[in-house]
>>> print(open('upload.txt').read())   # compact mmCIF, N, CA, C and O atoms
# COMPACT_ATOMS: atom_id res chain seq x y z
N MET A 267 -138.73 -31.73 16.66
CA MET A 267 -138.65 -33.07 17.23
C MET A 267 -140.05 -33.51 17.67
O MET A 267 -140.73 -32.78 18.40
N PRO A 268 -140.51 -34.69 17.22
CA PRO A 268 -141.85 -35.13 17.62
C PRO A 268 -141.90 -35.54 19.10
O PRO A 268 -140.89 -35.93 19.67
N LYS A 269 -143.10 -35.44 19.67
CA LYS A 269 -143.27 -35.83 21.06
C LYS A 269 -143.30 -37.35 21.19
O LYS A 269 -143.74 -38.04 20.27
N MET A 270 -142.85 -37.84 22.35
CA MET A 270 -142.95 -39.26 22.63
C MET A 270 -144.37 -39.56 23.09
O MET A 270 -145.01 -38.72 23.72
N LYS A 271 -144.86 -40.75 22.78
CA LYS A 271 -146.23 -41.10 23.17
C LYS A 271 -146.23 -41.88 24.47
O LYS A 271 -145.36 -42.70 24.73
N THR A 272 -147.24 -41.62 25.29
CA THR A 272 -147.46 -42.37 26.52
C THR A 272 -148.24 -43.63 26.18
O THR A 272 -149.16 -43.59 25.37
N LYS A 273 -147.86 -44.77 26.77
CA LYS A 273 -148.61 -46.01 26.56
C LYS A 273 -149.97 -45.86 27.23
O LYS A 273 -150.06 -45.57 28.42
N SER A 274 -151.04 -46.06 26.47
CA SER A 274 -152.39 -45.89 26.99
C SER A 274 -152.69 -46.86 28.12
O SER A 274 -153.37 -46.52 29.09
N ALA A 275 -152.19 -48.08 28.02
CA ALA A 275 -152.44 -49.07 29.08
C ALA A 275 -151.78 -48.65 30.38
O ALA A 275 -152.34 -48.84 31.46
N ALA A 276 -150.61 -48.03 30.29
CA ALA A 276 -149.88 -47.61 31.50
C ALA A 276 -150.58 -46.45 32.19
O ALA A 276 -150.67 -46.43 33.42
N LYS A 277 -151.10 -45.51 31.44
CA LYS A 277 -151.73 -44.35 32.07
C LYS A 277 -153.03 -44.73 32.76
O LYS A 277 -153.48 -44.05 33.67
N LYS A 278 -153.65 -45.85 32.34
CA LYS A 278 -154.86 -46.32 33.00
C LYS A 278 -154.55 -47.08 34.30
O LYS A 278 -155.40 -47.16 35.18
N ARG A 279 -153.36 -47.66 34.39
CA ARG A 279 -153.05 -48.56 35.51
C ARG A 279 -152.15 -47.98 36.58
O ARG A 279 -152.15 -48.47 37.71
N PHE A 280 -151.35 -46.98 36.25
CA PHE A 280 -150.36 -46.46 37.19
C PHE A 280 -150.54 -44.97 37.41
O PHE A 280 -151.00 -44.26 36.53
N SER A 281 -150.15 -44.52 38.61
CA SER A 281 -150.11 -43.09 38.88
C SER A 281 -148.87 -42.82 39.72
O SER A 281 -148.29 -43.75 40.30
N PHE A 282 -148.48 -41.55 39.81
CA PHE A 282 -147.26 -41.19 40.50
C PHE A 282 -147.55 -40.46 41.80
O PHE A 282 -148.51 -39.71 41.90
N THR A 283 -146.69 -40.68 42.79
CA THR A 283 -146.78 -39.93 44.04
C THR A 283 -146.07 -38.60 43.85
O THR A 283 -145.42 -38.38 42.82
N ALA A 284 -146.14 -37.73 44.83
CA ALA A 284 -145.50 -36.42 44.75
C ALA A 284 -143.98 -36.55 44.71
O ALA A 284 -143.29 -35.70 44.14
N THR A 285 -143.43 -37.61 45.29
CA THR A 285 -141.98 -37.80 45.30
C THR A 285 -141.49 -38.57 44.08
O THR A 285 -140.30 -38.84 43.96
N GLY A 286 -142.40 -38.98 43.18
CA GLY A 286 -142.00 -39.64 41.94
C GLY A 286 -142.05 -41.14 41.98
O GLY A 286 -141.63 -41.80 41.03
N LYS A 287 -142.56 -41.74 43.05
CA LYS A 287 -142.72 -43.19 43.09
C LYS A 287 -143.98 -43.57 42.33
O LYS A 287 -144.85 -42.74 42.10
N VAL A 288 -144.07 -44.84 41.95
CA VAL A 288 -145.19 -45.29 41.12
C VAL A 288 -146.18 -46.08 41.97
O VAL A 288 -145.81 -47.03 42.66
N LYS A 289 -147.46 -45.68 41.91
CA LYS A 289 -148.53 -46.39 42.61
C LYS A 289 -149.25 -47.31 41.63
O LYS A 289 -149.48 -46.93 40.48
N ALA A 290 -149.63 -48.50 42.11
CA ALA A 290 -150.37 -49.45 41.28
C ALA A 290 -151.29 -50.27 42.15
O ALA A 290 -151.05 -50.42 43.35
N GLY A 291 -152.33 -50.80 41.54
CA GLY A 291 -153.21 -51.71 42.25
C GLY A 291 -152.59 -53.10 42.26
O GLY A 291 -152.01 -53.53 41.26
N PRO A 292 -152.67 -53.83 43.38
CA PRO A 292 -152.08 -55.16 43.45
C PRO A 292 -152.77 -56.14 42.50
O PRO A 292 -153.96 -56.00 42.22
N ALA A 293 -152.04 -57.12 42.04
CA ALA A 293 -152.58 -58.13 41.12
C ALA A 293 -153.35 -59.19 41.90
O ALA A 293 -153.15 -59.37 43.09
N GLY A 294 -154.24 -59.87 41.20
CA GLY A 294 -154.90 -61.03 41.78
C GLY A 294 -156.23 -60.76 42.43
O GLY A 294 -156.67 -61.55 43.26
N LYS A 295 -156.93 -59.65 42.07
CA LYS A 295 -158.22 -59.37 42.70
C LYS A 295 -159.36 -59.26 41.69
O LYS A 295 -160.41 -58.73 42.01
N ARG A 296 -159.18 -59.74 40.51
CA ARG A 296 -160.22 -59.60 39.49
C ARG A 296 -161.31 -60.66 39.63
O ARG A 296 -162.48 -60.39 39.47
N HIS A 297 -160.91 -61.89 39.86
CA HIS A 297 -161.89 -62.97 39.98
C HIS A 297 -161.27 -64.10 40.79
O HIS A 297 -160.08 -64.07 41.09
N GLY A 298 -162.08 -65.11 41.14
CA GLY A 298 -161.56 -66.27 41.89
C GLY A 298 -161.28 -65.97 43.34
O GLY A 298 -160.37 -66.54 43.93
N MET A 299 -162.10 -65.09 43.96
CA MET A 299 -161.86 -64.74 45.35
C MET A 299 -162.19 -65.88 46.31
O MET A 299 -161.65 -65.94 47.41
N ILE A 300 -163.03 -66.81 45.90
CA ILE A 300 -163.42 -67.92 46.78
C ILE A 300 -162.23 -68.82 47.06
O ILE A 300 -162.02 -69.28 48.19
N LYS A 301 -161.40 -69.06 46.06
CA LYS A 301 -160.24 -69.95 46.27
C LYS A 301 -159.08 -69.26 46.99
O LYS A 301 -158.18 -69.91 47.48
N ARG A 302 -159.10 -67.94 47.06
CA ARG A 302 -158.03 -67.20 47.74
C ARG A 302 -158.30 -67.16 49.25
O ARG A 302 -159.46 -67.21 49.68
N THR A 303 -157.24 -67.03 50.01
CA THR A 303 -157.41 -66.96 51.46
C THR A 303 -157.93 -65.58 51.84
O THR A 303 -157.72 -64.60 51.12
N THR A 304 -158.59 -65.51 52.99
CA THR A 304 -159.12 -64.23 53.47
C THR A 304 -158.00 -63.25 53.72
O THR A 304 -158.12 -62.06 53.44
N LYS A 305 -156.86 -63.74 54.20
CA LYS A 305 -155.69 -62.89 54.47
C LYS A 305 -155.18 -62.26 53.17
O LYS A 305 -154.86 -61.08 53.12
N PHE A 306 -155.13 -63.05 52.09
CA PHE A 306 -154.68 -62.53 50.81
C PHE A 306 -155.59 -61.42 50.31
O PHE A 306 -155.13 -60.36 49.90
N VAL A 307 -156.89 -61.68 50.35
CA VAL A 307 -157.87 -60.70 49.87
C VAL A 307 -157.76 -59.40 50.66
O VAL A 307 -157.83 -58.31 50.12
N ARG A 308 -157.56 -59.53 51.96
CA ARG A 308 -157.42 -58.36 52.83
C ARG A 308 -156.14 -57.59 52.50
O ARG A 308 -156.12 -56.36 52.47
N ASP A 309 -155.05 -58.30 52.23
CA ASP A 309 -153.75 -57.65 51.99
C ASP A 309 -153.66 -56.93 50.65
O ASP A 309 -152.86 -56.02 50.49
N VAL A 310 -154.44 -57.37 49.67
CA VAL A 310 -154.31 -56.77 48.34
C VAL A 310 -155.36 -55.69 48.07
O VAL A 310 -155.62 -55.35 46.93
N THR A 311 -155.96 -55.11 49.13
CA THR A 311 -156.86 -53.99 48.92
C THR A 311 -156.05 -52.70 48.74
O THR A 311 -154.90 -52.64 49.17
N GLY A 312 -156.66 -51.71 48.13
CA GLY A 312 -156.00 -50.41 47.99
C GLY A 312 -154.92 -50.41 46.92
O GLY A 312 -154.99 -51.15 45.94
N THR A 313 -153.91 -49.59 47.12
CA THR A 313 -152.81 -49.49 46.16
C THR A 313 -151.49 -49.80 46.84
O THR A 313 -151.41 -49.85 48.06
N MET A 314 -150.46 -50.02 46.03
CA MET A 314 -149.13 -50.30 46.56
C MET A 314 -148.09 -49.51 45.77
O MET A 314 -148.37 -49.04 44.67
N ILE A 315 -146.91 -49.37 46.33
CA ILE A 315 -145.79 -48.70 45.66
C ILE A 315 -144.95 -49.76 44.97
O ILE A 315 -144.60 -50.77 45.59
N LEU A 316 -144.63 -49.55 43.71
CA LEU A 316 -143.84 -50.54 42.97
C LEU A 316 -142.37 -50.52 43.41
O LEU A 316 -141.86 -49.49 43.86
N CYS A 317 -141.69 -51.65 43.22
CA CYS A 317 -140.27 -51.73 43.53
C CYS A 317 -139.48 -50.97 42.46
O CYS A 317 -140.01 -50.61 41.40
N ALA A 318 -138.21 -50.74 42.71
CA ALA A 318 -137.38 -49.88 41.85
C ALA A 318 -137.26 -50.42 40.43
O ALA A 318 -137.29 -49.65 39.46
N SER A 319 -137.13 -51.74 40.27
CA SER A 319 -136.94 -52.30 38.93
C SER A 319 -138.21 -52.17 38.09
O SER A 319 -138.14 -51.86 36.90
N ASP A 320 -139.37 -52.38 38.71
CA ASP A 320 -140.63 -52.21 37.98
C ASP A 320 -140.90 -50.74 37.71
O ASP A 320 -141.46 -50.37 36.66
N GLU A 321 -140.51 -49.89 38.65
CA GLU A 321 -140.70 -48.44 38.51
C GLU A 321 -139.98 -47.92 37.27
O GLU A 321 -140.50 -47.08 36.54
N LYS A 322 -138.79 -48.44 37.03
CA LYS A 322 -137.99 -48.00 35.89
C LYS A 322 -138.71 -48.31 34.56
O LYS A 322 -138.71 -47.51 33.63
N ILE A 323 -139.36 -49.48 34.50
CA ILE A 323 -140.08 -49.88 33.30
C ILE A 323 -141.28 -48.97 33.06
O ILE A 323 -141.51 -48.50 31.95
N VAL A 324 -142.04 -48.70 34.12
CA VAL A 324 -143.24 -47.87 34.00
C VAL A 324 -142.88 -46.45 33.59
O VAL A 324 -143.58 -45.83 32.79
N LYS A 325 -141.79 -45.92 34.11
CA LYS A 325 -141.38 -44.55 33.77
C LYS A 325 -140.98 -44.42 32.31
O LYS A 325 -141.09 -43.34 31.72
N LYS A 326 -140.53 -45.51 31.68
CA LYS A 326 -140.24 -45.49 30.24
C LYS A 326 -141.55 -45.37 29.45
O LYS A 326 -141.60 -44.72 28.41
N TYR A 327 -142.61 -46.02 29.95
CA TYR A 327 -143.89 -45.99 29.27
C TYR A 327 -144.57 -44.63 29.37
O TYR A 327 -145.39 -44.28 28.53
N MET A 328 -144.25 -43.88 30.45
CA MET A 328 -144.91 -42.60 30.69
C MET A 328 -143.87 -41.48 30.78
O MET A 328 -143.50 -41.06 31.87
N PRO A 329 -143.35 -41.02 29.65
CA PRO A 329 -142.22 -40.10 29.67
C PRO A 329 -142.52 -38.72 30.27
O PRO A 329 -141.61 -38.08 30.79
N TYR A 330 -143.76 -38.24 30.24
CA TYR A 330 -144.04 -36.87 30.67
C TYR A 330 -144.75 -36.79 32.02
O TYR A 330 -145.02 -35.71 32.50
N ASP A 331 -145.08 -37.91 32.62
CA ASP A 331 -145.88 -37.91 33.85
C ASP A 331 -145.02 -37.99 35.10
O ASP A 331 -145.22 -38.86 35.93
N ARG A 332 -144.02 -37.11 35.24
CA ARG A 332 -143.17 -37.19 36.44
C ARG A 332 -143.03 -35.85 37.08
O ARG A 332 -143.09 -34.83 36.50
>>> encode(input="upload.txt", output="structure tokens")
Amino acid sequence: MPKMKTKSAAKKRFSFTATGKVKAGPAGKRHGMIKRTTKFVRDVTGTMILCASDEKIVKKYMPYDR
């Protein structure tokens, strides 16, 4: 039986916690920081845990990383 392939884009963007939750960087911080509020810029630093519905999609893309 051939191995399933991991989506290359997913392995660059997501990582897993020890309990199996998915970590991701928040959207909206690539450019256009001047028009964004200071509160928004402050809130989207670091990483966040994805919700259950998004987590299910990412886990399909990365079959062996759990």
>>> atom_distance(input="upload.txt", atom1="atom CA of Thr304 of chain A", atom2="atom CA of Gly291 of chain A")
17.8 Å
>>> atom_distance(input="upload.txt", atom1="atom CA of Ala293 of chain A", atom2="atom CA of Ala276 of chain A")
14.5 Å
>>> atom_distance(input="upload.txt", atom1="atom N of Gly312 of chain A", atom2="atom CA of Arg279 of chain A")
13.5 Å
>>> residues_around(input="upload.txt", residues="Asp331 of chain A", least_positions_apart="5", cutoff="7 Å", atoms="all atoms listed in the file", output="list in words")
Ser281, Phe282, Thr283, Gly286 and Lys325 of chain A
>>> residues_around(input="upload.txt", residues="Pro292 of chain A", least_positions_apart="6", cutoff="7 Å", atoms="only C-alpha atoms", output="ChimeraX atom specification")
/A:310,313-314
>>> select_by_dssp(input="upload.txt", residues="chain A", states="strand (DSSP E or B)", output="list in words")
Phe280, Ser281, Phe282, Val288, Lys289, Ala290, Met314 and Ile315 of chain A
>>> write_last_selection(input="upload.txt", atoms="N, CA, C and O atoms", output="compact mmCIF listing (two decimals), in the coordinates of the input")
# COMPACT_ATOMS: atom_id res chain seq x y z
N PHE A 280 -151.35 -46.98 36.25
CA PHE A 280 -150.36 -46.46 37.19
C PHE A 280 -150.54 -44.97 37.41
O PHE A 280 -151.00 -44.26 36.53
N SER A 281 -150.15 -44.52 38.61
CA SER A 281 -150.11 -43.09 38.88
C SER A 281 -148.87 -42.82 39.72
O SER A 281 -148.29 -43.75 40.30
N PHE A 282 -148.48 -41.55 39.81
CA PHE A 282 -147.26 -41.19 40.50
C PHE A 282 -147.55 -40.46 41.80
O PHE A 282 -148.51 -39.71 41.90
N VAL A 288 -144.07 -44.84 41.95
CA VAL A 288 -145.19 -45.29 41.12
C VAL A 288 -146.18 -46.08 41.97
O VAL A 288 -145.81 -47.03 42.66
N LYS A 289 -147.46 -45.68 41.91
CA LYS A 289 -148.53 -46.39 42.61
C LYS A 289 -149.25 -47.31 41.63
O LYS A 289 -149.48 -46.93 40.48
N ALA A 290 -149.63 -48.50 42.11
CA ALA A 290 -150.37 -49.45 41.28
C ALA A 290 -151.29 -50.27 42.15
O ALA A 290 -151.05 -50.42 43.35
N MET A 314 -150.46 -50.02 46.03
CA MET A 314 -149.13 -50.30 46.56
C MET A 314 -148.09 -49.51 45.77
O MET A 314 -148.37 -49.04 44.67
N ILE A 315 -146.91 -49.37 46.33
CA ILE A 315 -145.79 -48.70 45.66
C ILE A 315 -144.95 -49.76 44.97
O ILE A 315 -144.60 -50.77 45.59
>>> residues_around(input="upload.txt", residues="Thr272 of chain A", least_positions_apart="5", cutoff="6 Å", atoms="only N, CA, C and O atoms", output="ChimeraX atom specification")
/A:327-329
>>> closest_residue(input="upload.txt", among="A:Val324, A:Cys317, A:Met299, A:Arg308", to="Lys277 of chain A", atoms="only N, CA, C and O atoms")
A:Val324
